[in-house]
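Engineer: Next comes the structure file work_4.pdb, holding PDB, N, CA and C atoms.
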```pdb
ATOM      1  N   ILE A1485     -43.671 -30.722 -33.036
ATOM      2  CA  ILE A1485     -43.024 -31.224 -31.844
ATOM      3  C   ILE A1485     -43.328 -32.707 -31.798
ATOM      4  N   GLU A1486     -42.277 -33.479 -31.868
ATOM      5  CA  GLU A1486     -42.491 -34.924 -31.855
ATOM      6  C   GLU A1486     -41.309 -35.606 -31.207
ATOM      7  N   PHE A1487     -41.571 -36.764 -30.654
ATOM      8  CA  PHE A1487     -40.527 -37.606 -30.098
ATOM      9  C   PHE A1487     -40.307 -38.715 -31.115
ATOM     10  N   GLY A1488     -39.147 -38.752 -31.677
ATOM     11  CA  GLY A1488     -38.923 -39.815 -32.641
ATOM     12  C   GLY A1488     -37.468 -39.914 -33.011
ATOM     13  N   GLY A1489     -37.148 -41.021 -33.625
ATOM     14  CA  GLY A1489     -35.810 -41.208 -34.151
ATOM     15  C   GLY A1489     -34.742 -40.980 -33.108
ATOM     16  N   ASN A1490     -33.998 -39.898 -33.280
ATOM     17  CA  ASN A1490     -32.843 -39.633 -32.422
ATOM     18  C   ASN A1490     -33.173 -38.667 -31.283
ATOM     19  N   CYS A1491     -34.359 -38.761 -30.735
ATOM     20  CA  CYS A1491     -34.788 -37.843 -29.671
ATOM     21  C   CYS A1491     -35.100 -38.619 -28.388
ATOM     22  N   PRO A1492     -34.070 -39.186 -27.736
ATOM     23  CA  PRO A1492     -34.336 -39.991 -26.546
ATOM     24  C   PRO A1492     -34.686 -39.157 -25.314
ATOM     25  N   GLN A1493     -34.237 -37.899 -25.261
ATOM     26  CA  GLN A1493     -34.508 -37.071 -24.090
ATOM     27  C   GLN A1493     -35.739 -36.206 -24.332
ATOM     28  N   ARG A1494     -36.548 -36.064 -23.305
ATOM     29  CA  ARG A1494     -37.762 -35.256 -23.382
ATOM     30  C   ARG A1494     -37.590 -34.034 -22.495
ATOM     31  N   PRO A1495     -37.666 -32.834 -23.055
ATOM     32  CA  PRO A1495     -37.539 -31.658 -22.197
ATOM     33  C   PRO A1495     -38.762 -31.511 -21.301
ATOM     34  N   SER A1496     -38.563 -30.862 -20.173
ATOM     35  CA  SER A1496     -39.703 -30.548 -19.310
ATOM     36  C   SER A1496     -40.559 -29.506 -20.035
ATOM     37  N   PRO A1497     -41.817 -29.345 -19.643
ATOM     38  CA  PRO A1497     -42.639 -28.302 -20.266
ATOM     39  C   PRO A1497     -41.992 -26.918 -20.158
ATOM     40  N   GLU A1498     -41.351 -26.632 -19.048
ATOM     41  CA  GLU A1498     -40.692 -25.338 -18.870
ATOM     42  C   GLU A1498     -39.530 -25.180 -19.845
ATOM     43  N   GLN A1499     -38.710 -26.231 -19.991
ATOM     44  CA  GLN A1499     -37.590 -26.182 -20.935
ATOM     45  C   GLN A1499     -38.097 -26.013 -22.363
ATOM     46  N   LEU A1500     -39.144 -26.748 -22.707
ATOM     47  CA  LEU A1500     -39.689 -26.652 -24.058
ATOM     48  C   LEU A1500     -40.201 -25.242 -24.332
ATOM     49  N   ASN A1501     -40.941 -24.665 -23.400
ATOM     50  CA  ASN A1501     -41.461 -23.315 -23.605
ATOM     51  C   ASN A1501     -40.346 -22.281 -23.726
ATOM     52  N   THR A1502     -39.265 -22.451 -22.982
ATOM     53  CA  THR A1502     -38.119 -21.544 -23.100
ATOM     54  C   THR A1502     -37.519 -21.633 -24.495
ATOM     55  N   GLU A1503     -37.334 -22.862 -24.985
ATOM     56  CA  GLU A1503     -36.773 -23.049 -26.323
ATOM     57  C   GLU A1503     -37.729 -22.541 -27.402
ATOM     58  N   LEU A1504     -39.014 -22.809 -27.233
ATOM     59  CA  LEU A1504     -39.990 -22.337 -28.216
ATOM     60  C   LEU A1504     -40.030 -20.814 -28.268
ATOM     61  N   ALA A1505     -40.008 -20.169 -27.115
ATOM     62  CA  ALA A1505     -40.044 -18.708 -27.086
ATOM     63  C   ALA A1505     -38.825 -18.117 -27.797
ATOM     64  N   ALA A1506     -37.651 -18.717 -27.585
ATOM     65  CA  ALA A1506     -36.435 -18.238 -28.246
ATOM     66  C   ALA A1506     -36.521 -18.416 -29.756
ATOM     67  N   PHE A1507     -37.135 -19.492 -30.201
ATOM     68  CA  PHE A1507     -37.294 -19.764 -31.633
ATOM     69  C   PHE A1507     -38.389 -18.901 -32.246
ATOM     70  N   LEU A1508     -39.525 -18.823 -31.553
ATOM     71  CA  LEU A1508     -40.688 -18.141 -32.118
ATOM     72  C   LEU A1508     -40.491 -16.641 -32.266
ATOM     73  N   GLY A1509     -39.781 -16.020 -31.348
ATOM     74  CA  GLY A1509     -39.587 -14.569 -31.418
ATOM     75  C   GLY A1509     -39.090 -14.112 -32.777
ATOM     76  N   PRO A1510     -37.908 -14.556 -33.195
ATOM     77  CA  PRO A1510     -37.390 -14.096 -34.484
ATOM     78  C   PRO A1510     -38.154 -14.647 -35.690
ATOM     79  N   VAL A1511     -38.632 -15.873 -35.606
ATOM     80  CA  VAL A1511     -39.349 -16.461 -36.747
ATOM     81  C   VAL A1511     -40.666 -15.734 -36.986
ATOM     82  N   GLU A1512     -41.433 -15.532 -35.934
ATOM     83  CA  GLU A1512     -42.716 -14.856 -36.099
ATOM     84  C   GLU A1512     -42.528 -13.389 -36.477
ATOM     85  N   ALA A1513     -41.475 -12.764 -35.981
ATOM     86  CA  ALA A1513     -41.191 -11.381 -36.372
ATOM     87  C   ALA A1513     -40.854 -11.299 -37.860
ATOM     88  N   ALA A1514     -40.090 -12.265 -38.346
ATOM     89  CA  ALA A1514     -39.695 -12.256 -39.757
ATOM     90  C   ALA A1514     -40.872 -12.486 -40.690
ATOM     91  N   PHE A1515     -41.796 -13.364 -40.286
ATOM     92  CA  PHE A1515     -42.919 -13.700 -41.157
ATOM     93  C   PHE A1515     -44.171 -12.878 -40.870
ATOM     94  N   GLY A1516     -44.218 -12.229 -39.725
ATOM     95  CA  GLY A1516     -45.385 -11.429 -39.384
ATOM     96  C   GLY A1516     -46.629 -12.252 -39.093
ATOM     97  N   LYS A1517     -46.440 -13.502 -38.727
ATOM     98  CA  LYS A1517     -47.563 -14.401 -38.422
ATOM     99  C   LYS A1517     -47.165 -15.305 -37.266
ATOM    100  N   GLN A1518     -48.175 -15.765 -36.531
ATOM    101  CA  GLN A1518     -47.896 -16.758 -35.501
ATOM    102  C   GLN A1518     -47.638 -18.109 -36.155
ATOM    103  N   ALA A1519     -46.733 -18.857 -35.563
ATOM    104  CA  ALA A1519     -46.434 -20.208 -36.041
ATOM    105  C   ALA A1519     -47.606 -21.143 -35.735
ATOM    106  N   ILE A1520     -47.641 -22.245 -36.446
ATOM    107  CA  ILE A1520     -48.572 -23.339 -36.165
ATOM    108  C   ILE A1520     -47.716 -24.496 -35.668
ATOM    109  N   PHE A1521     -48.048 -25.041 -34.510
ATOM    110  CA  PHE A1521     -47.279 -26.146 -33.947
ATOM    111  C   PHE A1521     -47.759 -27.474 -34.507
ATOM    112  N   TYR A1522     -46.818 -28.282 -34.980
ATOM    113  CA  TYR A1522     -47.078 -29.659 -35.395
ATOM    114  C   TYR A1522     -46.776 -30.537 -34.193
ATOM    115  N   LEU A1523     -47.776 -31.304 -33.759
ATOM    116  CA  LEU A1523     -47.602 -32.180 -32.597
ATOM    117  C   LEU A1523     -48.104 -33.577 -32.908
ATOM    118  N   THR A1524     -47.337 -34.577 -32.510
ATOM    119  CA  THR A1524     -47.817 -35.951 -32.562
ATOM    120  C   THR A1524     -48.726 -36.186 -31.359
ATOM    121  N   ASP A1525     -49.456 -37.307 -31.372
ATOM    122  CA  ASP A1525     -50.291 -37.660 -30.213
ATOM    123  C   ASP A1525     -49.472 -37.660 -28.928
ATOM    124  N   GLU A1526     -48.292 -38.270 -29.000
ATOM    125  CA  GLU A1526     -47.444 -38.399 -27.815
ATOM    126  C   GLU A1526     -47.013 -37.030 -27.291
ATOM    127  N   ALA A1527     -46.601 -36.147 -28.186
ATOM    128  CA  ALA A1527     -46.193 -34.804 -27.764
ATOM    129  C   ALA A1527     -47.386 -34.009 -27.245
ATOM    130  N   ALA A1528     -48.537 -34.161 -27.884
ATOM    131  CA  ALA A1528     -49.743 -33.468 -27.413
ATOM    132  C   ALA A1528     -50.102 -33.933 -26.007
ATOM    133  N   ASP A1529     -50.009 -35.239 -25.761
ATOM    134  CA  ASP A1529     -50.296 -35.763 -24.422
ATOM    135  C   ASP A1529     -49.334 -35.176 -23.386
ATOM    136  N   ALA A1530     -48.075 -35.025 -23.771
ATOM    137  CA  ALA A1530     -47.060 -34.559 -22.830
ATOM    138  C   ALA A1530     -47.116 -33.052 -22.586
ATOM    139  N   TYR A1531     -47.505 -32.272 -23.615
ATOM    140  CA  TYR A1531     -47.333 -30.823 -23.516
ATOM    141  C   TYR A1531     -48.581 -29.968 -23.733
ATOM    142  N   SER A1532     -49.679 -30.522 -24.178
ATOM    143  CA  SER A1532     -50.837 -29.692 -24.535
ATOM    144  C   SER A1532     -51.289 -28.755 -23.424
ATOM    145  N   ALA A1533     -51.236 -29.200 -22.199
ATOM    146  CA  ALA A1533     -51.736 -28.380 -21.095
ATOM    147  C   ALA A1533     -50.800 -27.227 -20.748
ATOM    148  N   THR A1534     -49.540 -27.292 -21.190
ATOM    149  CA  THR A1534     -48.559 -26.305 -20.743
ATOM    150  C   THR A1534     -47.853 -25.560 -21.867
ATOM    151  N   ILE A1535     -48.050 -25.953 -23.095
ATOM    152  CA  ILE A1535     -47.319 -25.372 -24.213
ATOM    153  C   ILE A1535     -47.795 -23.947 -24.509
ATOM    154  N   ILE A1536     -46.902 -23.135 -25.054
ATOM    155  CA  ILE A1536     -47.250 -21.784 -25.490
ATOM    156  C   ILE A1536     -48.452 -21.879 -26.426
ATOM    157  N   ALA A1537     -49.387 -20.971 -26.302
ATOM    158  CA  ALA A1537     -50.626 -21.021 -27.094
ATOM    159  C   ALA A1537     -50.363 -20.669 -28.559
ATOM    160  N   ARG A1538     -50.627 -21.625 -29.423
ATOM    161  CA  ARG A1538     -50.563 -21.444 -30.865
ATOM    162  C   ARG A1538     -51.561 -22.403 -31.498
ATOM    163  N   ARG A1539     -51.942 -22.122 -32.750
ATOM    164  CA  ARG A1539     -52.764 -23.092 -33.474
ATOM    165  C   ARG A1539     -51.963 -24.371 -33.619
ATOM    166  N   ARG A1540     -52.705 -25.482 -33.797
ATOM    167  CA  ARG A1540     -52.035 -26.787 -33.799
ATOM    168  C   ARG A1540     -52.338 -27.598 -35.049
ATOM    169  N   TRP A1541     -51.310 -28.286 -35.492
ATOM    170  CA  TRP A1541     -51.394 -29.253 -36.586
ATOM    171  C   TRP A1541     -51.113 -30.583 -35.902
ATOM    172  N   LEU A1542     -52.155 -31.367 -35.679
ATOM    173  CA  LEU A1542     -52.018 -32.606 -34.918
ATOM    174  C   LEU A1542     -51.848 -33.809 -35.828
ATOM    175  N   ARG A1543     -50.883 -34.648 -35.485
ATOM    176  CA  ARG A1543     -50.672 -35.913 -36.188
ATOM    177  C   ARG A1543     -51.291 -37.006 -35.337
ATOM    178  N   SER A1544     -52.372 -37.567 -35.840
ATOM    179  CA  SER A1544     -53.061 -38.649 -35.144
ATOM    180  C   SER A1544     -53.492 -39.642 -36.213
ATOM    181  N   LEU A1545     -52.662 -40.643 -36.423
ATOM    182  CA  LEU A1545     -52.883 -41.582 -37.519
ATOM    183  C   LEU A1545     -53.969 -42.586 -37.168
ATOM    184  N   ALA A1546     -54.863 -42.791 -38.100
ATOM    185  CA  ALA A1546     -55.907 -43.822 -38.039
ATOM    186  C   ALA A1546     -57.083 -43.486 -37.129
ATOM    187  N   ILE A1547     -56.914 -42.586 -36.173
ATOM    188  CA  ILE A1547     -58.040 -42.203 -35.308
ATOM    189  C   ILE A1547     -58.102 -40.677 -35.220
ATOM    190  N   ARG A1548     -59.293 -40.162 -34.964
ATOM    191  CA  ARG A1548     -59.438 -38.712 -34.796
ATOM    192  C   ARG A1548     -58.614 -38.264 -33.588
ATOM    193  N   PRO A1549     -58.089 -37.056 -33.644
ATOM    194  CA  PRO A1549     -57.338 -36.557 -32.486
ATOM    195  C   PRO A1549     -58.193 -36.579 -31.221
ATOM    196  N   ARG A1550     -57.544 -36.867 -30.111
ATOM    197  CA  ARG A1550     -58.253 -36.910 -28.828
ATOM    198  C   ARG A1550     -58.704 -35.520 -28.385
ATOM    199  N   GLU A1551     -57.986 -34.496 -28.823
ATOM    200  CA  GLU A1551     -58.397 -33.136 -28.498
ATOM    201  C   GLU A1551     -58.942 -32.468 -29.751
ATOM    202  N   ASN A1552     -59.726 -31.440 -29.565
ATOM    203  CA  ASN A1552     -60.376 -30.785 -30.699
ATOM    204  C   ASN A1552     -59.734 -29.445 -31.035
ATOM    205  N   ASP A1553     -58.618 -29.135 -30.412
ATOM    206  CA  ASP A1553     -57.942 -27.857 -30.586
ATOM    207  C   ASP A1553     -56.894 -27.956 -31.698
ATOM    208  N   TRP A1554     -57.359 -28.069 -32.942
ATOM    209  CA  TRP A1554     -56.430 -28.184 -34.063
ATOM    210  C   TRP A1554     -56.979 -27.428 -35.268
ATOM    211  N   ILE A1555     -56.051 -27.018 -36.146
ATOM    212  CA  ILE A1555     -56.422 -26.379 -37.411
ATOM    213  C   ILE A1555     -56.167 -27.348 -38.568
ATOM    214  N   TYR A1556     -55.107 -28.157 -38.452
ATOM    215  CA  TYR A1556     -54.821 -29.234 -39.406
ATOM    216  C   TYR A1556     -54.762 -30.547 -38.638
ATOM    217  N   TRP A1557     -55.155 -31.617 -39.328
ATOM    218  CA  TRP A1557     -55.033 -32.962 -38.762
ATOM    219  C   TRP A1557     -54.361 -33.841 -39.812
ATOM    220  N   GLN A1558     -53.197 -34.386 -39.475
ATOM    221  CA  GLN A1558     -52.545 -35.375 -40.330
ATOM    222  C   GLN A1558     -53.099 -36.732 -39.935
ATOM    223  N   TYR A1559     -53.859 -37.339 -40.843
ATOM    224  CA  TYR A1559     -54.528 -38.594 -40.521
ATOM    225  C   TYR A1559     -53.873 -39.805 -41.168
ATOM    226  N   HIS A1560     -52.901 -39.605 -42.038
ATOM    227  CA  HIS A1560     -52.240 -40.732 -42.708
ATOM    228  C   HIS A1560     -50.838 -40.293 -43.097
ATOM    229  N   ASN A1561     -49.889 -41.225 -43.065
ATOM    230  CA  ASN A1561     -48.528 -40.889 -43.470
ATOM    231  C   ASN A1561     -48.027 -41.736 -44.633
ATOM    232  N   MET A1562     -48.911 -42.519 -45.222
ATOM    233  CA  MET A1562     -48.517 -43.337 -46.371
ATOM    234  C   MET A1562     -49.568 -43.253 -47.471
ATOM    235  N   GLY A1563     -50.067 -42.042 -47.703
ATOM    236  CA  GLY A1563     -51.066 -41.839 -48.742
ATOM    237  C   GLY A1563     -50.435 -41.816 -50.121
ATOM    238  N   ARG A1564     -51.273 -41.779 -51.117
ATOM    239  CA  ARG A1564     -50.835 -41.715 -52.512
ATOM    240  C   ARG A1564     -51.497 -40.521 -53.176
ATOM    241  N   VAL A1565     -50.704 -39.815 -53.989
ATOM    242  CA  VAL A1565     -51.201 -38.672 -54.743
ATOM    243  C   VAL A1565     -50.673 -38.802 -56.158
ATOM    244  N   ASP A1566     -51.568 -38.696 -57.132
ATOM    245  CA  ASP A1566     -51.150 -38.769 -58.532
ATOM    246  C   ASP A1566     -50.047 -37.750 -58.800
ATOM    247  N   GLY A1567     -48.990 -38.201 -59.473
ATOM    248  CA  GLY A1567     -47.889 -37.322 -59.833
ATOM    249  C   GLY A1567     -46.768 -37.264 -58.808
ATOM    250  N   ILE A1568     -46.954 -37.889 -57.656
ATOM    251  CA  ILE A1568     -45.916 -37.911 -56.625
ATOM    252  C   ILE A1568     -45.536 -39.360 -56.364
ATOM    253  N   GLU A1569     -44.243 -39.655 -56.486
ATOM    254  CA  GLU A1569     -43.773 -41.007 -56.197
ATOM    255  C   GLU A1569     -43.549 -41.156 -54.700
ATOM    256  N   GLY A1570     -43.936 -42.289 -54.164
ATOM    257  CA  GLY A1570     -43.703 -42.573 -52.757
ATOM    258  C   GLY A1570     -44.843 -42.138 -51.862
ATOM    259  N   ASP A1571     -44.612 -42.331 -50.577
ATOM    260  CA  ASP A1571     -45.628 -42.024 -49.571
ATOM    261  C   ASP A1571     -45.799 -40.518 -49.389
ATOM    262  N   VAL A1572     -47.027 -40.128 -49.113
ATOM    263  CA  VAL A1572     -47.375 -38.722 -48.913
ATOM    264  C   VAL A1572     -48.211 -38.609 -47.641
ATOM    265  N   ASP A1573     -47.907 -37.611 -46.818
ATOM    266  CA  ASP A1573     -48.748 -37.337 -45.649
ATOM    267  C   ASP A1573     -50.085 -36.787 -46.129
ATOM    268  N   LEU A1574     -51.175 -37.260 -45.543
ATOM    269  CA  LEU A1574     -52.511 -36.768 -45.872
ATOM    270  C   LEU A1574     -53.037 -35.980 -44.677
ATOM    271  N   ASN A1575     -53.529 -34.791 -44.957
ATOM    272  CA  ASN A1575     -53.975 -33.868 -43.920
ATOM    273  C   ASN A1575     -55.345 -33.313 -44.266
ATOM    274  N   VAL A1576     -56.040 -32.838 -43.242
ATOM    275  CA  VAL A1576     -57.320 -32.170 -43.434
ATOM    276  C   VAL A1576     -57.266 -30.840 -42.684
ATOM    277  N   LEU A1577     -57.882 -29.832 -43.268
ATOM    278  CA  LEU A1577     -57.997 -28.519 -42.642
ATOM    279  C   LEU A1577     -59.345 -28.417 -41.961
ATOM    280  N   LYS A1578     -59.367 -27.943 -40.733
ATOM    281  CA  LYS A1578     -60.640 -27.692 -40.067
ATOM    282  C   LYS A1578     -61.063 -26.275 -40.461
ATOM    283  N   GLY A1579     -61.988 -26.190 -41.380
ATOM    284  CA  GLY A1579     -62.429 -24.878 -41.830
ATOM    285  C   GLY A1579     -62.751 -24.879 -43.309
ATOM    286  N   SER A1580     -62.769 -23.704 -43.870
ATOM    287  CA  SER A1580     -63.187 -23.488 -45.252
ATOM    288  C   SER A1580     -62.022 -22.956 -46.083
ATOM    289  N   ARG A1581     -62.297 -22.678 -47.336
ATOM    290  CA  ARG A1581     -61.286 -22.034 -48.184
ATOM    291  C   ARG A1581     -60.875 -20.690 -47.587
ATOM    292  N   GLU A1582     -61.837 -20.013 -46.989
ATOM    293  CA  GLU A1582     -61.541 -18.724 -46.364
ATOM    294  C   GLU A1582     -60.596 -18.902 -45.171
ATOM    295  N   THR A1583     -60.790 -19.985 -44.424
ATOM    296  CA  THR A1583     -59.889 -20.289 -43.308
ATOM    297  C   THR A1583     -58.469 -20.458 -43.829
ATOM    298  N   LEU A1584     -58.330 -21.235 -44.895
ATOM    299  CA  LEU A1584     -57.014 -21.476 -45.488
ATOM    300  C   LEU A1584     -56.406 -20.178 -46.000
ATOM    301  N   ALA A1585     -57.194 -19.383 -46.700
ATOM    302  CA  ALA A1585     -56.691 -18.105 -47.216
ATOM    303  C   ALA A1585     -56.226 -17.208 -46.073
ATOM    304  N   GLY A1586     -56.963 -17.225 -44.966
ATOM    305  CA  GLY A1586     -56.588 -16.408 -43.820
ATOM    306  C   GLY A1586     -55.267 -16.816 -43.198
ATOM    307  N   LEU A1587     -54.949 -18.094 -43.276
ATOM    308  CA  LEU A1587     -53.681 -18.569 -42.721
ATOM    309  C   LEU A1587     -52.485 -18.008 -43.479
ATOM    310  N   PHE A1588     -52.690 -17.696 -44.763
ATOM    311  CA  PHE A1588     -51.590 -17.234 -45.605
ATOM    312  C   PHE A1588     -51.677 -15.759 -45.962
ATOM    313  N   ALA A1589     -52.735 -15.089 -45.543
ATOM    314  CA  ALA A1589     -52.908 -13.676 -45.878
ATOM    315  C   ALA A1589     -51.845 -12.827 -45.189
ATOM    316  N   ALA A1590     -51.468 -11.762 -45.863
ATOM    317  CA  ALA A1590     -50.503 -10.830 -45.280
ATOM    318  C   ALA A1590     -51.092 -10.195 -44.028
ATOM    319  N   THR A1591     -50.233  -9.958 -43.063
ATOM    320  CA  THR A1591     -50.659  -9.298 -41.833
ATOM    321  C   THR A1591     -50.416  -7.801 -41.990
ATOM    322  N   PRO A1592     -51.437  -6.985 -41.712
ATOM    323  CA  PRO A1592     -51.248  -5.526 -41.886
ATOM    324  C   PRO A1592     -50.210  -4.960 -40.943
TER     325      PRO A1592
END
```
Please lay out the structure from this file as C-alpha coordinates.

Structural biologist:
Amino acid sequence: IEFGGNCPQRPSPEQLNTELAAFLGPVEAAFGKQAIFYLTDEAADAYSATIIARRRWLRSLAIRPRENDWIYWQYHNMGRVDGIEGDVDLNVLKGSRETLAGLFAATP
(Lines of atoms letter the chains of each structure in order from A and count residues from 1; the text may use other names and numbers.)
(Lines give C-alpha, C1' and ligand atoms only; values in the text may rest on other atoms or scores of the structure.)
Protein backbone atom coordinates (compact mmCIF):
# COMPACT_ATOMS: atom_id res chain seq x y z
CA ILE A 1 0.00 0.00 0.00
CA GLU A 2 1.66 3.15 -1.14
CA PHE A 3 0.86 6.62 -2.34
CA GLY A 4 2.83 7.34 -5.42
CA GLY A 5 2.88 8.17 -9.05
CA ASN A 6 -0.68 8.25 -10.31
CA CYS A 7 -2.39 7.93 -6.91
CA PRO A 8 -3.57 11.46 -6.03
CA GLN A 9 -6.63 10.32 -4.05
CA ARG A 10 -6.30 8.69 -0.64
CA PRO A 11 -9.08 6.37 0.47
CA SER A 12 -10.41 6.66 3.99
CA PRO A 13 -9.38 3.83 6.34
CA GLU A 14 -12.90 2.42 6.01
CA GLN A 15 -12.76 2.49 2.20
CA LEU A 16 -9.33 0.88 2.20
CA ASN A 17 -10.43 -1.92 4.53
CA THR A 18 -13.49 -2.60 2.36
CA GLU A 19 -11.30 -2.87 -0.74
CA LEU A 20 -8.69 -4.97 1.06
CA ALA A 21 -11.31 -7.39 2.37
CA ALA A 22 -12.74 -7.84 -1.14
CA PHE A 23 -9.24 -8.52 -2.50
CA LEU A 24 -7.94 -10.65 0.36
CA GLY A 25 -10.87 -13.07 0.48
CA PRO A 26 -10.28 -14.77 -2.87
CA VAL A 27 -6.50 -14.32 -2.89
CA GLU A 28 -5.95 -15.82 0.55
CA ALA A 29 -8.42 -18.62 -0.21
CA ALA A 30 -6.53 -19.47 -3.40
CA PHE A 31 -3.12 -19.52 -1.74
CA GLY A 32 -4.15 -20.84 1.66
CA LYS A 33 -2.05 -18.19 3.42
CA GLN A 34 -2.56 -14.72 4.80
CA ALA A 35 -1.18 -11.92 2.66
CA ILE A 36 1.70 -9.72 3.78
CA PHE A 37 1.01 -6.00 3.36
CA TYR A 38 3.70 -3.83 1.78
CA LEU A 39 3.46 -0.32 3.22
CA THR A 40 5.53 2.80 2.71
CA ASP A 41 6.21 5.10 5.68
CA GLU A 42 3.49 7.43 4.45
CA ALA A 43 0.89 4.67 4.11
CA ALA A 44 1.87 3.20 7.49
CA ASP A 45 1.40 6.62 9.10
CA ALA A 46 -2.02 6.97 7.48
CA TYR A 47 -3.38 3.46 8.04
CA SER A 48 -1.42 1.43 10.62
CA ALA A 49 -3.89 2.05 13.42
CA THR A 50 -6.92 1.00 11.36
CA ILE A 51 -5.79 -1.44 8.68
CA ILE A 52 -6.87 -5.09 8.61
CA ALA A 53 -4.40 -7.11 10.71
CA ARG A 54 -1.72 -8.76 8.58
CA ARG A 55 2.05 -9.13 8.72
CA ARG A 56 3.81 -6.12 7.26
CA TRP A 57 6.60 -5.47 4.80
CA LEU A 58 7.59 -1.89 5.57
CA ARG A 59 9.44 0.39 3.17
CA SER A 60 11.48 2.85 5.19
CA LEU A 61 14.49 4.04 3.24
CA ALA A 62 17.63 5.16 5.06
CA ILE A 63 16.13 4.94 8.57
CA ARG A 64 14.71 2.10 10.65
CA PRO A 65 10.93 1.88 10.53
CA ARG A 66 9.19 3.98 13.15
CA GLU A 67 7.07 1.00 14.15
CA ASN A 68 8.35 -2.43 15.06
CA ASP A 69 5.43 -4.43 13.65
CA TRP A 70 7.08 -5.78 10.50
CA ILE A 71 8.34 -9.07 9.06
CA TYR A 72 10.29 -7.52 6.15
CA TRP A 73 11.94 -4.11 5.97
CA GLN A 74 12.90 -2.56 2.64
CA TYR A 75 15.78 -0.30 3.58
CA HIS A 76 17.11 0.66 0.13
CA ASN A 77 15.70 0.96 -3.38
CA MET A 78 18.89 1.44 -5.38
CA GLY A 79 21.04 -1.47 -4.24
CA ARG A 80 23.34 -3.55 -6.39
CA VAL A 81 23.41 -7.33 -6.70
CA ASP A 82 25.93 -9.27 -8.76
CA GLY A 83 24.27 -10.67 -11.88
CA ILE A 84 21.41 -8.15 -11.93
CA GLU A 85 21.60 -5.02 -14.06
CA GLY A 86 20.11 -1.87 -12.59
CA ASP A 87 18.76 -0.92 -9.21
CA VAL A 88 17.53 -3.58 -6.80
CA ASP A 89 15.39 -3.19 -3.68
CA LEU A 90 17.27 -4.37 -0.58
CA ASN A 91 15.24 -5.96 2.20
CA VAL A 92 15.83 -7.62 5.55
CA LEU A 93 13.76 -10.34 7.21
CA LYS A 94 13.05 -10.05 10.91
CA GLY A 95 13.70 -13.61 11.99
CA SER A 96 15.63 -16.71 11.07
CA ARG A 97 15.78 -19.20 8.21
CA GLU A 98 12.98 -21.01 10.00
CA THR A 99 10.89 -17.82 9.96
CA LEU A 100 11.41 -17.56 6.20
CA ALA A 101 10.60 -21.23 5.65
CA GLY A 102 7.42 -20.81 7.67
CA LEU A 103 6.26 -17.98 5.44
CA PHE A 104 6.34 -20.31 2.44
CA ALA A 105 5.36 -23.61 4.05
CA ALA A 106 2.18 -25.28 2.90
CA THR A 107 -0.81 -24.73 5.13
CA PRO A 108 -2.44 -27.99 6.30

Engineer: Would you tabulate, counting only C-alpha atoms, all residues of range 1535-1584 of chain A that have an atom at most 12 Å from an atom of range 1497-1501 of chain A, showing the closest pair of atoms and their distance in Å to one decimal, sorted by chain then ascending number, as JSON lines?

Structural biologist:
```
{"residue": "A:Ile1535", "atom": "CA", "partner": "A:Asn1501", "partner_atom": "CA", "distance": 6.2}
{"residue": "A:Ile1536", "atom": "CA", "partner": "A:Asn1501", "partner_atom": "CA", "distance": 6.3}
{"residue": "A:Ala1537", "atom": "CA", "partner": "A:Asn1501", "partner_atom": "CA", "distance": 10.1}
{"residue": "A:Arg1538", "atom": "CA", "partner": "A:Asn1501", "partner_atom": "CA", "distance": 11.8}
```

Engineer: Rank A:Cys1491, A:Ile1485, A:Leu1587, A:Met1562 by their smallest atom-to-atom distance to Ala1527 in chain A, using only C-alpha atoms, and report the top residue only.

Structural biologist: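 Distance minimum relative to Ala1527 in chain A lands on A:Ile1485.
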
Engineer: Do you know which residues the PyMOL selection byres (((chain A and resi 1506-1521 and name CA) around 6) and name CA) returns on this file, as a list of chain:residue names?

Structural biologist: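 For this structure, the PyMOL selection byres (((chain A and resi 1506-1521 and name CA) around 6) and name CA) resolves to A:Glu1503, A:Leu1504, A:Ala1505, A:Tyr1522, A:Arg1538, A:Arg1539, A:Arg1540, A:Trp1541.
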
Engineer: Once 8 Å is added on each side, what centre and edge lengths in Å to one decimal does the axis-aligned box around all listed atoms of range 1543-1548 of chain A have, as JSON?

Structural biologist:
```
{"center_x": -55.1, "center_y": -39.2, "center_z": -35.8, "size_x": 24.8, "size_y": 25.2, "size_z": 20.5}
```

Engineer: As JSON, numbers by chain, list the residues of chain A assigned to strand (DSSP E) by DSSP on the backbone atoms of this structure.

Structural biologist: {"A": [1520, 1521, 1522, 1523, 1524, 1539, 1540, 1541, 1542, 1543, 1556, 1557, 1558, 1559, 1560, 1561, 1562, 1563, 1572, 1573, 1574, 1575, 1576, 1577]}

Engineer: Atom C of Pro1495 in chain A and CA of Ala1530 in chain A are how many Å apart?

Structural biologist: 9.0 Å

Engineer: So which residues fall inside 9 Å of (-58.1, -26.2, -33.4) if we count only C-alpha atoms? Mind giving them as a VMD selection string?

Structural biologist: chain A and resid 1539 to 1542 1551 to 1556 1578

Engineer: For the atom pair CA of Leu1577 in chain A and CA of Arg1564 in chain A, what is the interatomic distance in Å to one decimal place?

Structural biologist: 18.0 Å

Engineer: Name the residues, using the chain letters and numbers of the file, that sit within 7 Å of (-54.6, -43.8, -40.6) when counting only N, CA and C atoms, and give them as JSON, numbers by chain.

Structural biologist: {"A": [1544, 1545, 1546, 1547, 1559, 1560, 1561]}

Engineer: Between atom C of Thr1534 in chain A and atom N of Ala1590 in chain A, what distance in Å does the model show, to one decimal?

Structural biologist: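 Separation of atom C of Thr1534 in chain A and atom N of Ala1590 in chain A: 27.9 Å.
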